[in-house]
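Containing PDB, C-alpha atoms: upload_28.pdb.
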ATOM      1  CA  MET A   1      37.916   6.398 -39.609  1.00  0.00           C
ATOM      2  CA  LYS A   2      37.045   4.892 -42.949  1.00  0.00           C
ATOM      3  CA  LEU A   3      33.509   3.683 -43.275  1.00  0.00           C
ATOM      4  CA  THR A   4      33.977   0.097 -44.426  1.00  0.00           C
ATOM      5  CA  ARG A   5      31.262  -2.314 -45.414  1.00  0.00           C
ATOM      6  CA  ARG A   6      31.628  -4.081 -42.058  1.00  0.00           C
ATOM      7  CA  HIS A   7      31.152  -0.847 -40.117  1.00  0.00           C
ATOM      8  CA  THR A   8      28.081   0.045 -42.101  1.00  0.00           C
ATOM      9  CA  LEU A   9      26.550  -3.352 -41.401  1.00  0.00           C
ATOM     10  CA  MET A  10      27.290  -3.069 -37.686  1.00  0.00           C
ATOM     11  CA  LEU A  11      25.745   0.380 -37.571  1.00  0.00           C
ATOM     12  CA  ALA A  12      22.663  -0.861 -39.348  1.00  0.00           C
ATOM     13  CA  ALA A  13      22.358  -3.798 -36.968  1.00  0.00           C
ATOM     14  CA  GLY A  14      22.847  -1.494 -33.958  1.00  0.00           C
ATOM     15  CA  SER A  15      20.150   0.926 -35.017  1.00  0.00           C
ATOM     16  CA  ALA A  16      17.782  -1.956 -35.723  1.00  0.00           C
ATOM     17  CA  VAL A  17      18.280  -3.227 -32.153  1.00  0.00           C
ATOM     18  CA  ALA A  18      17.834   0.287 -30.770  1.00  0.00           C
ATOM     19  CA  ALA A  19      14.574   0.625 -32.672  1.00  0.00           C
ATOM     20  CA  LEU A  20      13.364  -2.760 -31.416  1.00  0.00           C
ATOM     21  CA  LEU A  21      14.055  -2.165 -27.713  1.00  0.00           C
ATOM     22  CA  PRO A  22      11.195   0.243 -26.946  1.00  0.00           C
ATOM     23  CA  MET A  23       8.867  -1.937 -29.002  1.00  0.00           C
ATOM     24  CA  ARG A  24       9.763  -4.926 -26.887  1.00  0.00           C
ATOM     25  CA  ALA A  25       9.119  -2.923 -23.698  1.00  0.00           C
ATOM     26  CA  ALA A  26       5.752  -1.806 -25.064  1.00  0.00           C
ATOM     27  CA  ALA A  27       4.864  -5.418 -25.862  1.00  0.00           C
ATOM     28  CA  ALA A  28       5.728  -6.452 -22.292  1.00  0.00           C
ATOM     29  CA  ALA A  29       3.497  -3.665 -20.965  1.00  0.00           C
ATOM     30  CA  GLU A  30       0.640  -4.796 -23.208  1.00  0.00           C
ATOM     31  CA  GLU A  31       1.107  -8.342 -21.929  1.00  0.00           C
ATOM     32  CA  ALA A  32       0.973  -7.106 -18.331  1.00  0.00           C
ATOM     33  CA  ILE A  33      -2.209  -5.173 -19.092  1.00  0.00           C
ATOM     34  CA  ALA A  34      -3.787  -8.154 -20.865  1.00  0.00           C
ATOM     35  CA  ALA A  35      -2.904 -10.414 -17.924  1.00  0.00           C
ATOM     36  CA  PHE A  36      -4.790  -8.037 -15.602  1.00  0.00           C
ATOM     37  CA  THR A  37      -7.806  -7.250 -17.797  1.00  0.00           C
ATOM     38  CA  GLY A  38      -8.060 -10.558 -19.641  1.00  0.00           C
ATOM     39  CA  GLY A  39      -8.397  -8.599 -22.855  1.00  0.00           C
ATOM     40  CA  ALA A  40     -11.603  -6.822 -21.778  1.00  0.00           C
ATOM     41  CA  ASP A  41     -12.455  -3.304 -22.982  1.00  0.00           C
ATOM     42  CA  VAL A  42     -11.041  -0.558 -20.791  1.00  0.00           C
ATOM     43  CA  GLY A  43     -12.964   2.661 -20.093  1.00  0.00           C
ATOM     44  CA  SER A  44     -11.539   5.931 -18.855  1.00  0.00           C
ATOM     45  CA  GLU A  45     -14.046   7.341 -16.318  1.00  0.00           C
ATOM     46  CA  GLY A  46     -13.747   7.083 -12.549  1.00  0.00           C
ATOM     47  CA  ILE A  47     -10.016   6.738 -12.008  1.00  0.00           C
ATOM     48  CA  THR A  48      -7.497   9.408 -11.115  1.00  0.00           C
ATOM     49  CA  LEU A  49      -3.753   9.012 -11.377  1.00  0.00           C
ATOM     50  CA  THR A  50      -1.617  11.767  -9.898  1.00  0.00           C
ATOM     51  CA  ALA A  51       2.033  11.973 -10.870  1.00  0.00           C
ATOM     52  CA  PRO A  52       4.490  14.827 -11.299  1.00  0.00           C
ATOM     53  CA  GLU A  53       4.874  16.260 -14.809  1.00  0.00           C
ATOM     54  CA  ILE A  54       8.649  16.376 -14.384  1.00  0.00           C
ATOM     55  CA  ALA A  55      10.591  14.102 -12.041  1.00  0.00           C
ATOM     56  CA  GLU A  56      14.184  15.131 -11.529  1.00  0.00           C
ATOM     57  CA  ASN A  57      15.157  11.801 -10.024  1.00  0.00           C
ATOM     58  CA  GLY A  58      13.646   8.648 -11.499  1.00  0.00           C
ATOM     59  CA  ASN A  59      14.631   6.676  -8.403  1.00  0.00           C
ATOM     60  CA  THR A  60      11.745   7.968  -6.362  1.00  0.00           C
ATOM     61  CA  VAL A  61       8.727   9.404  -8.129  1.00  0.00           C
ATOM     62  CA  PRO A  62       5.700   9.994  -5.894  1.00  0.00           C
ATOM     63  CA  ILE A  63       2.438   8.817  -7.417  1.00  0.00           C
ATOM     64  CA  SER A  64      -1.056   8.356  -6.101  1.00  0.00           C
ATOM     65  CA  VAL A  65      -4.025   6.636  -7.610  1.00  0.00           C
ATOM     66  CA  SER A  66      -7.694   6.689  -6.712  1.00  0.00           C
ATOM     67  CA  ALA A  67     -10.607   4.743  -8.192  1.00  0.00           C
ATOM     68  CA  PRO A  68     -13.736   4.914  -5.998  1.00  0.00           C
ATOM     69  CA  GLY A  69     -15.347   1.496  -5.688  1.00  0.00           C
ATOM     70  CA  ALA A  70     -12.522  -0.432  -7.351  1.00  0.00           C
ATOM     71  CA  GLU A  71     -11.528  -3.945  -6.274  1.00  0.00           C
ATOM     72  CA  ALA A  72      -7.945  -3.666  -7.431  1.00  0.00           C
ATOM     73  CA  ILE A  73      -5.676  -1.199  -9.190  1.00  0.00           C
ATOM     74  CA  ILE A  74      -2.580  -2.130 -11.180  1.00  0.00           C
ATOM     75  CA  ILE A  75       0.165   0.368 -11.969  1.00  0.00           C
ATOM     76  CA  ILE A  76       2.308  -0.105 -15.062  1.00  0.00           C
ATOM     77  CA  ALA A  77       5.366   1.809 -16.265  1.00  0.00           C
ATOM     78  CA  ALA A  78       5.652   0.885 -19.937  1.00  0.00           C
ATOM     79  CA  GLY A  79       9.155   2.327 -20.354  1.00  0.00           C
ATOM     80  CA  ASN A  80      10.785   0.306 -17.576  1.00  0.00           C
ATOM     81  CA  PRO A  81      12.766  -2.897 -18.195  1.00  0.00           C
ATOM     82  CA  GLU A  82       9.965  -4.666 -16.305  1.00  0.00           C
ATOM     83  CA  PRO A  83       6.658  -2.855 -16.790  1.00  0.00           C
ATOM     84  CA  GLY A  84       4.897  -4.025 -13.600  1.00  0.00           C
ATOM     85  CA  VAL A  85       5.068  -1.624 -10.652  1.00  0.00           C
ATOM     86  CA  ALA A  86       2.455  -2.617  -8.094  1.00  0.00           C
ATOM     87  CA  THR A  87      -1.026  -4.042  -7.685  1.00  0.00           C
ATOM     88  CA  PHE A  88      -3.251  -2.640  -4.931  1.00  0.00           C
ATOM     89  CA  ASN A  89      -5.999  -4.993  -3.711  1.00  0.00           C
ATOM     90  CA  PHE A  90      -8.565  -3.356  -1.454  1.00  0.00           C
ATOM     91  CA  GLY A  91     -10.262  -5.128   1.445  1.00  0.00           C
ATOM     92  CA  PRO A  92     -13.597  -4.383   3.147  1.00  0.00           C
ATOM     93  CA  LEU A  93     -11.993  -1.955   5.601  1.00  0.00           C
ATOM     94  CA  ALA A  94     -10.366   0.283   2.994  1.00  0.00           C
ATOM     95  CA  ALA A  95     -12.056   3.659   3.449  1.00  0.00           C
ATOM     96  CA  ALA A  96     -11.132   4.798  -0.039  1.00  0.00           C
ATOM     97  CA  GLN A  97      -9.932   2.777  -2.972  1.00  0.00           C
ATOM     98  CA  ALA A  98      -6.821   4.902  -3.182  1.00  0.00           C
ATOM     99  CA  GLY A  99      -3.166   4.696  -2.346  1.00  0.00           C
ATOM    100  CA  SER A 100       0.121   6.559  -2.663  1.00  0.00           C
ATOM    101  CA  THR A 101       3.611   5.210  -3.079  1.00  0.00           C
ATOM    102  CA  ARG A 102       6.975   6.042  -4.626  1.00  0.00           C
ATOM    103  CA  ILE A 103       8.172   4.350  -7.777  1.00  0.00           C
ATOM    104  CA  ARG A 104      11.234   4.028 -10.028  1.00  0.00           C
ATOM    105  CA  LEU A 105      11.108   5.186 -13.649  1.00  0.00           C
ATOM    106  CA  ALA A 106      13.898   4.350 -16.101  1.00  0.00           C
ATOM    107  CA  GLY A 107      13.173   7.385 -18.264  1.00  0.00           C
ATOM    108  CA  THR A 108      10.491   9.681 -19.639  1.00  0.00           C
ATOM    109  CA  GLN A 109       7.395   7.574 -20.197  1.00  0.00           C
ATOM    110  CA  ASP A 110       3.683   7.097 -19.634  1.00  0.00           C
ATOM    111  CA  VAL A 111       2.612   5.677 -16.286  1.00  0.00           C
ATOM    112  CA  VAL A 112      -0.646   3.735 -16.576  1.00  0.00           C
ATOM    113  CA  ALA A 113      -3.125   2.795 -13.851  1.00  0.00           C
ATOM    114  CA  ILE A 114      -5.954   0.346 -14.498  1.00  0.00           C
ATOM    115  CA  ALA A 115      -8.698  -0.387 -11.979  1.00  0.00           C
ATOM    116  CA  ARG A 116     -10.895  -3.483 -11.859  1.00  0.00           C
ATOM    117  CA  MET A 117     -14.438  -2.675 -10.764  1.00  0.00           C
ATOM    118  CA  PRO A 118     -16.685  -5.121  -8.860  1.00  0.00           C
ATOM    119  CA  ASP A 119     -18.908  -5.537 -11.970  1.00  0.00           C
ATOM    120  CA  GLY A 120     -15.922  -6.818 -13.950  1.00  0.00           C
ATOM    121  CA  SER A 121     -15.324  -3.683 -15.981  1.00  0.00           C
ATOM    122  CA  PHE A 122     -11.997  -1.888 -16.210  1.00  0.00           C
ATOM    123  CA  VAL A 123     -11.028   1.775 -16.283  1.00  0.00           C
ATOM    124  CA  GLN A 124      -7.670   3.277 -17.097  1.00  0.00           C
ATOM    125  CA  ALA A 125      -5.799   6.536 -16.619  1.00  0.00           C
ATOM    126  CA  SER A 126      -2.330   7.452 -17.781  1.00  0.00           C
ATOM    127  CA  ARG A 127       0.059  10.335 -17.267  1.00  0.00           C
ATOM    128  CA  GLU A 128       3.332  11.199 -18.915  1.00  0.00           C
ATOM    129  CA  VAL A 129       6.228  11.768 -16.520  1.00  0.00           C
ATOM    130  CA  LYS A 130       9.378  13.435 -17.819  1.00  0.00           C
ATOM    131  CA  VAL A 131      12.399  11.983 -16.035  1.00  0.00           C
ATOM    132  CA  THR A 132      15.686  13.890 -15.882  1.00  0.00           C
ATOM    133  CA  ILE A 133      17.827  11.125 -14.305  1.00  0.00           C
ATOM    134  CA  GLY A 134      16.634   7.549 -14.815  1.00  0.00           C
ATOM    135  CA  GLY A 135      16.156   5.269 -11.832  1.00  0.00           C
ATOM    136  CA  CYS A 136      17.381   1.851 -12.853  1.00  0.00           C
ATOM    137  CA  GLY A 137      21.091   2.108 -12.142  1.00  0.00           C
ATOM    138  CA  GLY A 138      23.207   0.356 -14.710  1.00  0.00           C
TER     139      GLY A 138
ATOM    140  CA  MET B 139      18.095 -11.729   6.352  1.00  0.00           C
ATOM    141  CA  ALA B 140      18.375  -8.298   4.856  1.00  0.00           C
ATOM    142  CA  GLU B 141      20.020  -6.046   7.386  1.00  0.00           C
ATOM    143  CA  ASN B 142      18.645  -2.876   8.966  1.00  0.00           C
ATOM    144  CA  VAL B 143      15.039  -3.468   8.010  1.00  0.00           C
ATOM    145  CA  LYS B 144      12.930  -1.224  10.218  1.00  0.00           C
ATOM    146  CA  PRO B 145       9.199  -0.694   9.708  1.00  0.00           C
ATOM    147  CA  ARG B 146       7.696   2.652  10.629  1.00  0.00           C
ATOM    148  CA  VAL B 147       3.949   3.196  10.764  1.00  0.00           C
ATOM    149  CA  ARG B 148       1.882   6.215  11.678  1.00  0.00           C
ATOM    150  CA  VAL B 149      -1.622   5.530  13.054  1.00  0.00           C
ATOM    151  CA  PRO B 150      -3.644   7.808  15.366  1.00  0.00           C
ATOM    152  CA  ARG B 151      -4.132   6.445  18.926  1.00  0.00           C
ATOM    153  CA  GLU B 152      -7.772   7.381  19.248  1.00  0.00           C
ATOM    154  CA  VAL B 153     -10.599   7.748  16.793  1.00  0.00           C
ATOM    155  CA  ALA B 154     -14.406   7.937  16.735  1.00  0.00           C
ATOM    156  CA  ALA B 155     -16.196   4.712  15.725  1.00  0.00           C
ATOM    157  CA  GLY B 156     -16.600   4.327  11.976  1.00  0.00           C
ATOM    158  CA  GLU B 157     -14.252   7.189  11.246  1.00  0.00           C
ATOM    159  CA  THR B 158     -11.766   7.172   8.386  1.00  0.00           C
ATOM    160  CA  ILE B 159      -8.088   7.491   9.158  1.00  0.00           C
ATOM    161  CA  THR B 160      -5.059   7.911   6.926  1.00  0.00           C
ATOM    162  CA  ILE B 161      -2.221   5.479   7.537  1.00  0.00           C
ATOM    163  CA  LYS B 162       1.345   6.072   6.406  1.00  0.00           C
ATOM    164  CA  THR B 163       3.877   3.271   6.348  1.00  0.00           C
ATOM    165  CA  LEU B 164       7.561   3.180   5.532  1.00  0.00           C
ATOM    166  CA  ILE B 165      10.030   0.330   5.782  1.00  0.00           C
ATOM    167  CA  SER B 166      13.767   0.697   5.329  1.00  0.00           C
ATOM    168  CA  HIS B 167      14.854  -1.746   2.630  1.00  0.00           C
ATOM    169  CA  LYS B 168      17.308  -1.405  -0.238  1.00  0.00           C
ATOM    170  CA  MET B 169      14.862  -2.926  -2.792  1.00  0.00           C
ATOM    171  CA  GLU B 170      17.636  -4.182  -5.092  1.00  0.00           C
ATOM    172  CA  SER B 171      15.932  -4.267  -8.491  1.00  0.00           C
ATOM    173  CA  GLY B 172      18.038  -6.949 -10.190  1.00  0.00           C
ATOM    174  CA  GLN B 173      18.809  -4.480 -13.003  1.00  0.00           C
ATOM    175  CA  ARG B 174      21.910  -2.859 -11.513  1.00  0.00           C
ATOM    176  CA  LYS B 175      25.484  -3.994 -12.041  1.00  0.00           C
ATOM    177  CA  ASP B 176      28.410  -3.803  -9.644  1.00  0.00           C
ATOM    178  CA  GLY B 177      31.884  -2.422 -10.477  1.00  0.00           C
ATOM    179  CA  ASP B 178      32.895  -5.610 -12.297  1.00  0.00           C
ATOM    180  CA  GLY B 179      29.811  -5.685 -14.512  1.00  0.00           C
ATOM    181  CA  ASN B 180      28.086  -8.494 -12.624  1.00  0.00           C
ATOM    182  CA  VAL B 181      24.354  -8.141 -12.125  1.00  0.00           C
ATOM    183  CA  ILE B 182      23.436  -7.563  -8.485  1.00  0.00           C
ATOM    184  CA  PRO B 183      20.714 -10.136  -7.741  1.00  0.00           C
ATOM    185  CA  ARG B 184      17.174  -8.943  -7.090  1.00  0.00           C
ATOM    186  CA  SER B 185      16.234  -8.610  -3.432  1.00  0.00           C
ATOM    187  CA  ILE B 186      12.985  -6.790  -2.757  1.00  0.00           C
ATOM    188  CA  ILE B 187       9.925  -6.853  -0.564  1.00  0.00           C
ATOM    189  CA  ASN B 188       7.291  -8.353  -2.855  1.00  0.00           C
ATOM    190  CA  ARG B 189       4.095  -7.953  -0.840  1.00  0.00           C
ATOM    191  CA  PHE B 190       2.673  -5.623   1.795  1.00  0.00           C
ATOM    192  CA  THR B 191      -0.582  -6.164   3.669  1.00  0.00           C
ATOM    193  CA  CYS B 192      -2.531  -4.260   6.284  1.00  0.00           C
ATOM    194  CA  THR B 193      -5.312  -5.886   8.303  1.00  0.00           C
ATOM    195  CA  PHE B 194      -7.500  -4.664  11.154  1.00  0.00           C
ATOM    196  CA  ASN B 195      -8.674  -7.344  13.628  1.00  0.00           C
ATOM    197  CA  GLY B 196      -8.069  -9.900  10.884  1.00  0.00           C
ATOM    198  CA  GLU B 197      -9.989  -8.074   8.124  1.00  0.00           C
ATOM    199  CA  THR B 198      -8.071  -6.849   5.102  1.00  0.00           C
ATOM    200  CA  VAL B 199      -7.607  -3.147   4.509  1.00  0.00           C
ATOM    201  CA  ILE B 200      -5.125  -3.309   1.670  1.00  0.00           C
ATOM    202  CA  ASP B 201      -2.923  -5.934   0.052  1.00  0.00           C
ATOM    203  CA  VAL B 202      -0.249  -4.676  -2.315  1.00  0.00           C
ATOM    204  CA  GLN B 203       1.793  -6.806  -4.669  1.00  0.00           C
ATOM    205  CA  MET B 204       5.115  -5.094  -5.305  1.00  0.00           C
ATOM    206  CA  GLU B 205       7.535  -5.275  -8.241  1.00  0.00           C
ATOM    207  CA  PRO B 206      11.157  -4.058  -8.476  1.00  0.00           C
ATOM    208  CA  ALA B 207       9.904  -0.663  -9.717  1.00  0.00           C
ATOM    209  CA  ILE B 208       8.959   0.304  -6.149  1.00  0.00           C
ATOM    210  CA  SER B 209      11.542   2.731  -4.731  1.00  0.00           C
ATOM    211  CA  THR B 210      14.071   2.050  -1.997  1.00  0.00           C
ATOM    212  CA  ASN B 211      12.446   2.264   1.466  1.00  0.00           C
ATOM    213  CA  PRO B 212       8.908   1.461   0.240  1.00  0.00           C
ATOM    214  CA  PHE B 213       6.315   3.996   1.316  1.00  0.00           C
ATOM    215  CA  PHE B 214       2.550   3.541   1.273  1.00  0.00           C
ATOM    216  CA  GLU B 215      -0.263   5.848   2.246  1.00  0.00           C
ATOM    217  CA  PHE B 216      -3.915   4.761   2.308  1.00  0.00           C
ATOM    218  CA  ASP B 217      -7.226   5.243   4.131  1.00  0.00           C
ATOM    219  CA  ALA B 218      -8.891   2.805   6.508  1.00  0.00           C
ATOM    220  CA  VAL B 219     -12.206   2.644   8.382  1.00  0.00           C
ATOM    221  CA  VAL B 220     -12.077   1.881  12.103  1.00  0.00           C
ATOM    222  CA  PRO B 221     -15.345   0.178  13.159  1.00  0.00           C
ATOM    223  CA  GLU B 222     -14.211  -0.757  16.699  1.00  0.00           C
ATOM    224  CA  SER B 223     -11.213  -0.789  19.027  1.00  0.00           C
ATOM    225  CA  GLY B 224      -8.516  -3.170  17.981  1.00  0.00           C
ATOM    226  CA  ALA B 225      -5.169  -3.499  16.327  1.00  0.00           C
ATOM    227  CA  PHE B 226      -3.816  -2.831  12.885  1.00  0.00           C
ATOM    228  CA  GLU B 227      -1.329  -5.428  11.733  1.00  0.00           C
ATOM    229  CA  PHE B 228       1.149  -4.552   9.003  1.00  0.00           C
ATOM    230  CA  THR B 229       3.126  -7.271   7.245  1.00  0.00           C
ATOM    231  CA  TRP B 230       5.921  -7.060   4.669  1.00  0.00           C
ATOM    232  CA  TYR B 231       7.103 -10.176   2.780  1.00  0.00           C
ATOM    233  CA  ASP B 232      10.733 -10.247   1.658  1.00  0.00           C
ATOM    234  CA  ASP B 233      12.035 -12.157  -1.406  1.00  0.00           C
ATOM    235  CA  ASP B 234      14.359 -14.100   0.907  1.00  0.00           C
ATOM    236  CA  GLY B 235      11.411 -15.459   2.909  1.00  0.00           C
ATOM    237  CA  ASP B 236      11.624 -13.041   5.821  1.00  0.00           C
ATOM    238  CA  VAL B 237       8.418 -11.511   7.133  1.00  0.00           C
ATOM    239  CA  TYR B 238       8.454  -8.189   8.959  1.00  0.00           C
ATOM    240  CA  THR B 239       5.465  -7.219  11.081  1.00  0.00           C
ATOM    241  CA  GLU B 240       4.314  -4.208  13.046  1.00  0.00           C
ATOM    242  CA  THR B 241       1.210  -3.845  15.211  1.00  0.00           C
ATOM    243  CA  LYS B 242      -0.570  -0.632  16.204  1.00  0.00           C
ATOM    244  CA  GLU B 243      -3.360  -0.551  18.777  1.00  0.00           C
ATOM    245  CA  ILE B 244      -6.171   1.907  18.263  1.00  0.00           C
ATOM    246  CA  ALA B 245      -8.988   2.812  20.671  1.00  0.00           C
ATOM    247  CA  VAL B 246     -12.473   3.951  19.685  1.00  0.00           C
ATOM    248  CA  SER B 247     -13.655   6.782  21.902  1.00  0.00           C
TER     249      SER B 247
END
As structure tokens, what does this structure read like?
Amino acid sequence: MKLTRRHTLMLAAGSAVAALLPMRAAAAAEEAIAAFTGGADVGSEGITLTAPEIAENGNTVPISVSAPGAEAIIIIAAGNPEPGVATFNFGPLAAAQAGSTRIRLAGTQDVVAIARMPDGSFVQASREVKVTIGGCGG
Amino acid sequence: MAENVKPRVRVPREVAAGETITIKTLISHKMESGQRKDGDGNVIPRSIINRFTCTFNGETVIDVQMEPAISTNPFFEFDAVVPESGAFEFTWYDDDGDVYTETKEIAVS
């Protein structure tokens, strides 16, 4: 195949889009975080996020999160087409501010958990999960 | 109504007053994310359970807001305090307006 001017332009446009995609996902994740925290500073003590280092199947990745004393915990997967995963709100009868579930991950990425404490402060933990087969179909 | 939706919940039958128990819940649901395409390239519309709650005698234990990134057959595990005899009520809210419920009695010995 001869590399014509048109081909070169298309390639350039394609790579520009490819470079933009993860940035757009990251921006969506930041928006989701800002919507939860209201832009407040986020600490890092007092929250534990447990996730596998390597997940063979991104369709069902077991995670658990624990933040003693938290009011609510949000889980965000920045590399997914939609970054929101779940928000846990704890009632007076929750014995521990902790929960486990199974989530979908589109690819290797950081999973972030942010907890809102009763005093209005926020703490965050994140873990990288390497995904062998992504879990978003397509 | 989404077909074959069956909630399954594991709660101990008896417990000492004020004790902490671990509850595991699972509900069979396809949790269609709205990202997948069928053989002809058409997007399969989103159809998920978007909220799960657990209450004990009317008081909230946990209330989870769910997004499409929750896996097929949503599973949750969490801890609850049991102050007295009563019933745990579990509720799942489907995108299509359906509500699935399950009740588990528990006795304080």
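Atom pair atom CA of Thr158 of chain B / atom CA of Ile114 of chain A: separated by 24.6 Å.
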- Residues near Val123 of chain A, cut-off 8 Å, all atoms listed in the file, skip fewer than 6 positions along chain, as a PyMOL selection string: chain A and resi 42-47+114-117
- Task: Find the residues of chain A in contact range of chain B, meaning any atom within 6 Å when counting all atoms listed in the file, and list them as JSON, numbers by chain.
- Result: {"A": [60, 85, 86, 87, 88, 89, 90, 91, 93, 94, 95, 96, 99, 100, 101, 102, 103, 104, 137, 138]}
- Message: Report, in Å to a single decimal, how far apart atom CA of Pro118 of chain A and atom CA of Leu49 of chain A are.
- Response: 19.3 Å
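Each of A:Gly135, A:Val129, A:Pro83, A:Phe122 was compared to Gly38 of chain A using all atoms listed in the file, and A:Phe122 turns out to be the nearest.
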- Query: Just so the selection is clear, what residues does the PyMOL selection byres ((chain B and resi 238) around 12) cover here, as a VMD selection string?
  - Reply: chain B and resid 139 to 146 164 to 167 187 to 192 227 to 237 239 to 241
Go ahead and save the picked residues with C-alpha atoms, as a short mmCIF file (atom, residue, chain, number, x, y, z; two decimals), keeping the file's coordinate frame.
data_model
loop_
_atom_site.label_atom_id
_atom_site.label_comp_id
_atom_site.auth_asym_id
_atom_site.auth_seq_id
_atom_site.Cartn_x
_atom_site.Cartn_y
_atom_site.Cartn_z
CA MET B 139 18.10 -11.73 6.35
CA ALA B 140 18.38 -8.30 4.86
CA GLU B 141 20.02 -6.05 7.39
CA ASN B 142 18.64 -2.88 8.97
CA VAL B 143 15.04 -3.47 8.01
CA LYS B 144 12.93 -1.22 10.22
CA PRO B 145 9.20 -0.69 9.71
CA ARG B 146 7.70 2.65 10.63
CA LEU B 164 7.56 3.18 5.53
CA ILE B 165 10.03 0.33 5.78
CA SER B 166 13.77 0.70 5.33
CA HIS B 167 14.85 -1.75 2.63
CA ILE B 187 9.93 -6.85 -0.56
CA ASN B 188 7.29 -8.35 -2.86
CA ARG B 189 4.10 -7.95 -0.84
CA PHE B 190 2.67 -5.62 1.80
CA THR B 191 -0.58 -6.16 3.67
CA CYS B 192 -2.53 -4.26 6.28
CA GLU B 227 -1.33 -5.43 11.73
CA PHE B 228 1.15 -4.55 9.00
CA THR B 229 3.13 -7.27 7.24
CA TRP B 230 5.92 -7.06 4.67
CA TYR B 231 7.10 -10.18 2.78
CA ASP B 232 10.73 -10.25 1.66
CA ASP B 233 12.04 -12.16 -1.41
CA ASP B 234 14.36 -14.10 0.91
CA GLY B 235 11.41 -15.46 2.91
CA ASP B 236 11.62 -13.04 5.82
CA VAL B 237 8.42 -11.51 7.13
CA THR B 239 5.46 -7.22 11.08
CA GLU B 240 4.31 -4.21 13.05
CA THR B 241 1.21 -3.84 15.21
#
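For the file shown, the residue list from the PyMOL selection byres ((chain A and resi 76) around 10) reads Ala29, Glu30, Ala32, Ile33, Ile73, Ile74, Ile75, Ala77, Ala78, Gly79, Asn80, Glu82, Pro83, Gly84, Val85, Ala86, Thr87, Asp110, Val111, Val112, Ala113, Ile114 and Ser126 of chain A; Ala207 of chain B.
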- Query: In Å, how far is it from atom CA of Glu222 of chain B to atom CA of Ala154 of chain B?
  - Reply: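 Atom CA of Glu222 of chain B sits 8.7 Å away from atom CA of Ala154 of chain B.
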- Note on the structure: Counting all atoms listed in the file, closest pick from A:Ala67, A:Ala98, A:Ala55, A:Ala72 relative to Ala125 of chain A is A:Ala67
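Distance check against Asn59 of chain A using only C-alpha atoms: of B:Met169, B:Gly177, B:Ile182, B:Asn195, the minimum falls on B:Met169.
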Given 5 Å of margin on each side, can you work out the centre and size in Å (one decimal) of an axis-aligned box holding every listed atom of segment 205-217 of chain B, as JSON?
{"center_x": 3.4, "center_y": 0.3, "center_z": -2.8, "size_x": 31.3, "size_y": 21.1, "size_z": 23.8}
- Name the residues that the PyMOL selection byres ((chain B and resi 245) around 12) pulls out of this structure, and write them as a PyMOL selection string. chain B and resi 149-157+220-226+242-244+246-247
